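Undergrad: A single structure is presented below for examination.
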Amino acid sequence: MVNIRELDPAASPLDYFGYELRRKREAAGLTQKELGAIVFCTGSLVGQIETAMKVPTREFAERVDAALVTEGFFSRLVGLVLRSQLPTWFQPYAEMEAKAAYISTYQAQVVYGLLQTEKYARAVLGAPEPENLDELVAARLERQRLLRKEQPPLVWVVLDEAVLHRPMGGREAMREQLAHLLSFRDQRRVKIQVLPYSAGEHPGLPGAFNLLRFNDHPDIVYTEDFIQGHMTANPDGVGEGWLNYDQLQAAALSVRDSAELIAHVMEERYGDQPTAEGRDVA
């Protein structure tokens, strides 16, 4: 007899997902292999998800909903599963970020997580060589769904110019990332400014920070150090954060000029380059 790993559905969102997937699959009279064939994956993958050994993707959840006629049950649940893959110390911020009406961020090293492409996110998250890189990338992409809500937050981003030049993931990944940033230039609810090198000293020198504003909650300022994140609604800290952010916005290029700089860097640094065979020789 096959030894089936029993899950405690209350242990975690991942365990609950696996428990319910097995229960609903068996109720439908399907084997793991049969369900896998319907949702275009292997029966082994279905088994790994049912035993909480593998984290499901949103695509998998949507296909299972269609196959088992669950009226969106797994599609709703997978958001909680993916959020649970975020670092424990980051999860409280992610929850508040999802509720914010207004998000302001200054980024000195990398593109803000909500605006990262999959390749860029993989390079950023893969730098420390984590064992669960696929799950971390999926969780980051899941966070970005809040930009596609019926009423998404207003997002204002100030990027240090160094972010545009730091080659994360290689030339192709950077070109794709900068093109993605440019895709927001005509959107009303996402604004991107670049703080140029010429700005010299500025209030953002200590590092990146985020400010969250809510319709029914005090503002929050969020920072990170090497180990964890720090979130506070202390009025003095929040006030200092907004003062610094206002100064950064004033020193940054306009939204239009920022887009022109991003496009210039994209073509100059990450555009198509002639091959060795195609170069002129003297």
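Following the order of the structure tokens, chains are lettered A, B, ..., residues in each are numbered from 1, and ligands are numbered from 1.
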Looking only at strand (DSSP E or B) from DSSP on the backbone, list the matching residues of segment 22-221 of chain A as an mmCIF file with N, CA, C and O atoms, in the first residue's frame.

TA:
```
data_model
loop_
_atom_site.group_PDB
_atom_site.id
_atom_site.type_symbol
_atom_site.label_atom_id
_atom_site.label_comp_id
_atom_site.auth_asym_id
_atom_site.auth_seq_id
_atom_site.Cartn_x
_atom_site.Cartn_y
_atom_site.Cartn_z
ATOM 1 N N TYR A 102 -2.182 54.617 -1.218
ATOM 2 C CA TYR A 102 -1.104 55.416 -1.804
ATOM 3 C C TYR A 102 0.216 54.828 -1.346
ATOM 4 O O TYR A 102 0.446 54.651 -0.148
ATOM 5 N N ILE A 103 1.093 54.484 -2.290
ATOM 6 C CA ILE A 103 2.398 53.913 -1.985
ATOM 7 C C ILE A 103 3.468 54.815 -2.573
ATOM 8 O O ILE A 103 3.460 55.094 -3.785
ATOM 9 N N SER A 104 4.362 55.288 -1.733
ATOM 10 C CA SER A 104 5.500 56.084 -2.192
ATOM 11 C C SER A 104 6.773 55.342 -1.801
ATOM 12 O O SER A 104 6.893 54.879 -0.662
ATOM 13 N N THR A 105 7.722 55.233 -2.727
ATOM 14 C CA THR A 105 8.940 54.502 -2.413
ATOM 15 C C THR A 105 10.149 55.150 -3.050
ATOM 16 O O THR A 105 10.083 55.655 -4.178
ATOM 17 N N TYR A 106 11.256 55.149 -2.317
ATOM 18 C CA TYR A 106 12.544 55.542 -2.868
ATOM 19 C C TYR A 106 13.416 54.298 -2.887
ATOM 20 O O TYR A 106 13.547 53.611 -1.870
ATOM 21 N N GLN A 107 13.989 53.980 -4.043
ATOM 22 C CA GLN A 107 14.823 52.795 -4.192
ATOM 23 C C GLN A 107 16.209 53.192 -4.700
ATOM 24 O O GLN A 107 16.334 53.819 -5.745
ATOM 25 N N LEU A 154 -2.431 54.292 -5.760
ATOM 26 C CA LEU A 154 -1.576 55.206 -6.499
ATOM 27 C C LEU A 154 -0.146 54.908 -6.063
ATOM 28 O O LEU A 154 0.157 54.893 -4.868
ATOM 29 N N VAL A 155 0.730 54.635 -7.009
ATOM 30 C CA VAL A 155 2.111 54.265 -6.701
ATOM 31 C C VAL A 155 3.055 55.313 -7.277
ATOM 32 O O VAL A 155 3.031 55.577 -8.486
ATOM 33 N N TRP A 156 3.868 55.909 -6.418
ATOM 34 C CA TRP A 156 4.840 56.903 -6.859
ATOM 35 C C TRP A 156 6.226 56.391 -6.489
ATOM 36 O O TRP A 156 6.498 56.140 -5.327
ATOM 37 N N VAL A 157 7.080 56.237 -7.498
ATOM 38 C CA VAL A 157 8.394 55.630 -7.309
ATOM 39 C C VAL A 157 9.499 56.607 -7.685
ATOM 40 O O VAL A 157 9.463 57.210 -8.758
ATOM 41 N N VAL A 158 10.469 56.764 -6.799
ATOM 42 C CA VAL A 158 11.686 57.512 -7.116
ATOM 43 C C VAL A 158 12.830 56.507 -7.129
ATOM 44 O O VAL A 158 13.104 55.853 -6.121
ATOM 45 N N LEU A 159 13.473 56.369 -8.289
ATOM 46 C CA LEU A 159 14.584 55.439 -8.456
ATOM 47 C C LEU A 159 15.890 56.214 -8.578
ATOM 48 O O LEU A 159 15.975 57.173 -9.356
ATOM 49 N N ASP A 160 16.889 55.795 -7.824
ATOM 50 C CA ASP A 160 18.215 56.367 -8.029
ATOM 51 C C ASP A 160 18.696 55.969 -9.427
ATOM 52 O O ASP A 160 18.430 54.856 -9.897
ATOM 53 N N VAL A 190 0.488 54.983 -11.731
ATOM 54 C CA VAL A 190 1.876 54.617 -11.451
ATOM 55 C C VAL A 190 2.774 55.687 -12.053
ATOM 56 O O VAL A 190 2.763 55.908 -13.265
ATOM 57 N N LYS A 191 3.541 56.364 -11.200
ATOM 58 C CA LYS A 191 4.432 57.424 -11.648
ATOM 59 C C LYS A 191 5.869 57.083 -11.232
ATOM 60 O O LYS A 191 6.103 56.658 -10.105
ATOM 61 N N ILE A 192 6.802 57.280 -12.160
ATOM 62 C CA ILE A 192 8.204 56.937 -11.903
ATOM 63 C C ILE A 192 9.078 58.150 -12.179
ATOM 64 O O ILE A 192 9.010 58.746 -13.264
ATOM 65 N N GLN A 193 9.889 58.510 -11.193
ATOM 66 C CA GLN A 193 10.872 59.568 -11.346
ATOM 67 C C GLN A 193 12.263 58.985 -11.099
ATOM 68 O O GLN A 193 12.416 58.056 -10.293
ATOM 69 N N VAL A 194 13.248 59.532 -11.778
ATOM 70 C CA VAL A 194 14.630 59.103 -11.585
ATOM 71 C C VAL A 194 15.404 60.217 -10.894
ATOM 72 O O VAL A 194 15.347 61.379 -11.321
ATOM 73 N N LEU A 195 16.100 59.876 -9.836
ATOM 74 C CA LEU A 195 16.970 60.813 -9.135
ATOM 75 C C LEU A 195 18.335 60.737 -9.812
ATOM 76 O O LEU A 195 19.039 59.729 -9.667
ATOM 77 N N PHE A 209 13.378 53.428 1.315
ATOM 78 C CA PHE A 209 12.276 53.422 2.278
ATOM 79 C C PHE A 209 10.959 53.549 1.533
ATOM 80 O O PHE A 209 10.911 54.051 0.410
ATOM 81 N N ASN A 210 9.899 53.070 2.175
ATOM 82 C CA ASN A 210 8.555 53.125 1.604
ATOM 83 C C ASN A 210 7.623 53.851 2.557
ATOM 84 O O ASN A 210 7.768 53.737 3.783
ATOM 85 N N LEU A 211 6.657 54.549 1.997
ATOM 86 C CA LEU A 211 5.616 55.207 2.769
ATOM 87 C C LEU A 211 4.263 54.719 2.275
ATOM 88 O O LEU A 211 4.004 54.702 1.068
ATOM 89 N N LEU A 212 3.419 54.295 3.203
ATOM 90 C CA LEU A 212 2.089 53.817 2.855
ATOM 91 C C LEU A 212 1.041 54.741 3.459
ATOM 92 O O LEU A 212 1.124 55.090 4.640
ATOM 93 N N ARG A 213 0.055 55.106 2.649
ATOM 94 C CA ARG A 213 -1.054 55.933 3.124
ATOM 95 C C ARG A 213 -2.348 55.163 2.903
ATOM 96 O O ARG A 213 -2.535 54.526 1.865
ATOM 97 N N ILE A 220 2.244 54.791 7.330
ATOM 98 C CA ILE A 220 3.300 53.896 7.793
ATOM 99 C C ILE A 220 4.568 54.171 7.001
ATOM 100 O O ILE A 220 4.515 54.426 5.789
ATOM 101 N N VAL A 221 5.710 54.134 7.673
ATOM 102 C CA VAL A 221 6.994 54.191 6.990
ATOM 103 C C VAL A 221 7.689 52.846 7.200
ATOM 104 O O VAL A 221 7.643 52.269 8.289
#
```

Undergrad: Env of segment 16-33 of chain A: 7 Å cut, atoms = only C-alpha atoms, seq-sep filter 4 positions within chain, self excluded. Answer as a count of residues only.

TA: 14

Undergrad: So the first atom is atom CA of Leu136 of chain A and the second is atom CA of Gly113 of chain A; what is the distance between them in Å, to one decimal place?

TA: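 Rounded to one decimal, the two atoms are 11.6 Å apart.
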
Undergrad: Which distance in Å separates atom CA of Arg63 of chain A and atom CA of Glu118 of chain A, to one decimal?

TA: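 Computing it gives 21.1 Å between the two atoms.
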
Undergrad: Tell me, which residues of segment 6-154 of chain A carry DSSP alpha helix (DSSP H), written as a ChimeraX atom specification?

TA: /A:13-27,32-38,43-50,58-68,73-83,91-99,118-126,133-143

Undergrad: Within 9 Å of Ser75 of chain A, counting only C-alpha atoms, which residues show up once you throw out same-chain ones fewer than 5 positions away? Write them as a short mmCIF file (atom, residue, chain, number, x, y, z; two decimals) with N, CA, C and O atoms, in the first residue's frame, please.

TA:
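part-v6.cif, written as the output of this step:
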```
data_model
loop_
_atom_site.label_atom_id
_atom_site.label_comp_id
_atom_site.auth_asym_id
_atom_site.auth_seq_id
_atom_site.Cartn_x
_atom_site.Cartn_y
_atom_site.Cartn_z
N ARG A 58 -0.26 30.13 -9.58
CA ARG A 58 -1.61 30.63 -9.81
C ARG A 58 -2.22 29.95 -11.03
O ARG A 58 -3.40 29.65 -11.05
N GLU A 59 -1.42 29.72 -12.05
CA GLU A 59 -1.92 29.05 -13.25
C GLU A 59 -2.44 27.66 -12.91
O GLU A 59 -3.50 27.25 -13.40
N PHE A 60 -1.69 26.92 -12.07
CA PHE A 60 -2.13 25.60 -11.66
C PHE A 60 -3.47 25.68 -10.93
O PHE A 60 -4.39 24.90 -11.18
N ALA A 61 -3.58 26.65 -10.00
CA ALA A 61 -4.81 26.80 -9.23
C ALA A 61 -6.00 27.08 -10.14
O ALA A 61 -7.10 26.53 -9.95
N GLU A 62 -5.81 27.94 -11.13
CA GLU A 62 -6.91 28.29 -12.03
C GLU A 62 -7.34 27.09 -12.88
O GLU A 62 -8.53 26.88 -13.11
N ARG A 63 -6.37 26.29 -13.30
CA ARG A 63 -6.70 25.11 -14.10
C ARG A 63 -7.42 24.06 -13.27
O ARG A 63 -8.34 23.39 -13.75
N VAL A 64 -7.00 23.91 -12.01
CA VAL A 64 -7.67 22.95 -11.13
C VAL A 64 -9.10 23.39 -10.85
O VAL A 64 -10.02 22.57 -10.81
N ASP A 65 -9.30 24.69 -10.67
CA ASP A 65 -10.66 25.19 -10.46
C ASP A 65 -11.56 24.82 -11.63
O ASP A 65 -12.71 24.41 -11.44
#
```

Undergrad: Could you check which of A:Thr117, A:Asn244, A:Thr232, A:Gln144 is closest to Gly79 of chain A, using only C-alpha atoms?

TA: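 Ranking A:Thr117, A:Asn244, A:Thr232, A:Gln144 by distance to Gly79 of chain A, first place goes to A:Gln144.
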
Undergrad: Between A:Met231, A:Met174, A:Leu181, A:Cys41, which has the minimum distance to Ala94 of chain A (counting only C-alpha atoms)?

TA: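 Nearest candidate to Ala94 of chain A out of A:Met231, A:Met174, A:Leu181, A:Cys41: A:Met231.
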
Undergrad: Looking at only C-alpha atoms, which of A:Lys119, A:Arg166, A:Leu82, A:Arg171 is the one that sits closest to Glu142 of chain A?

TA: A:Leu82
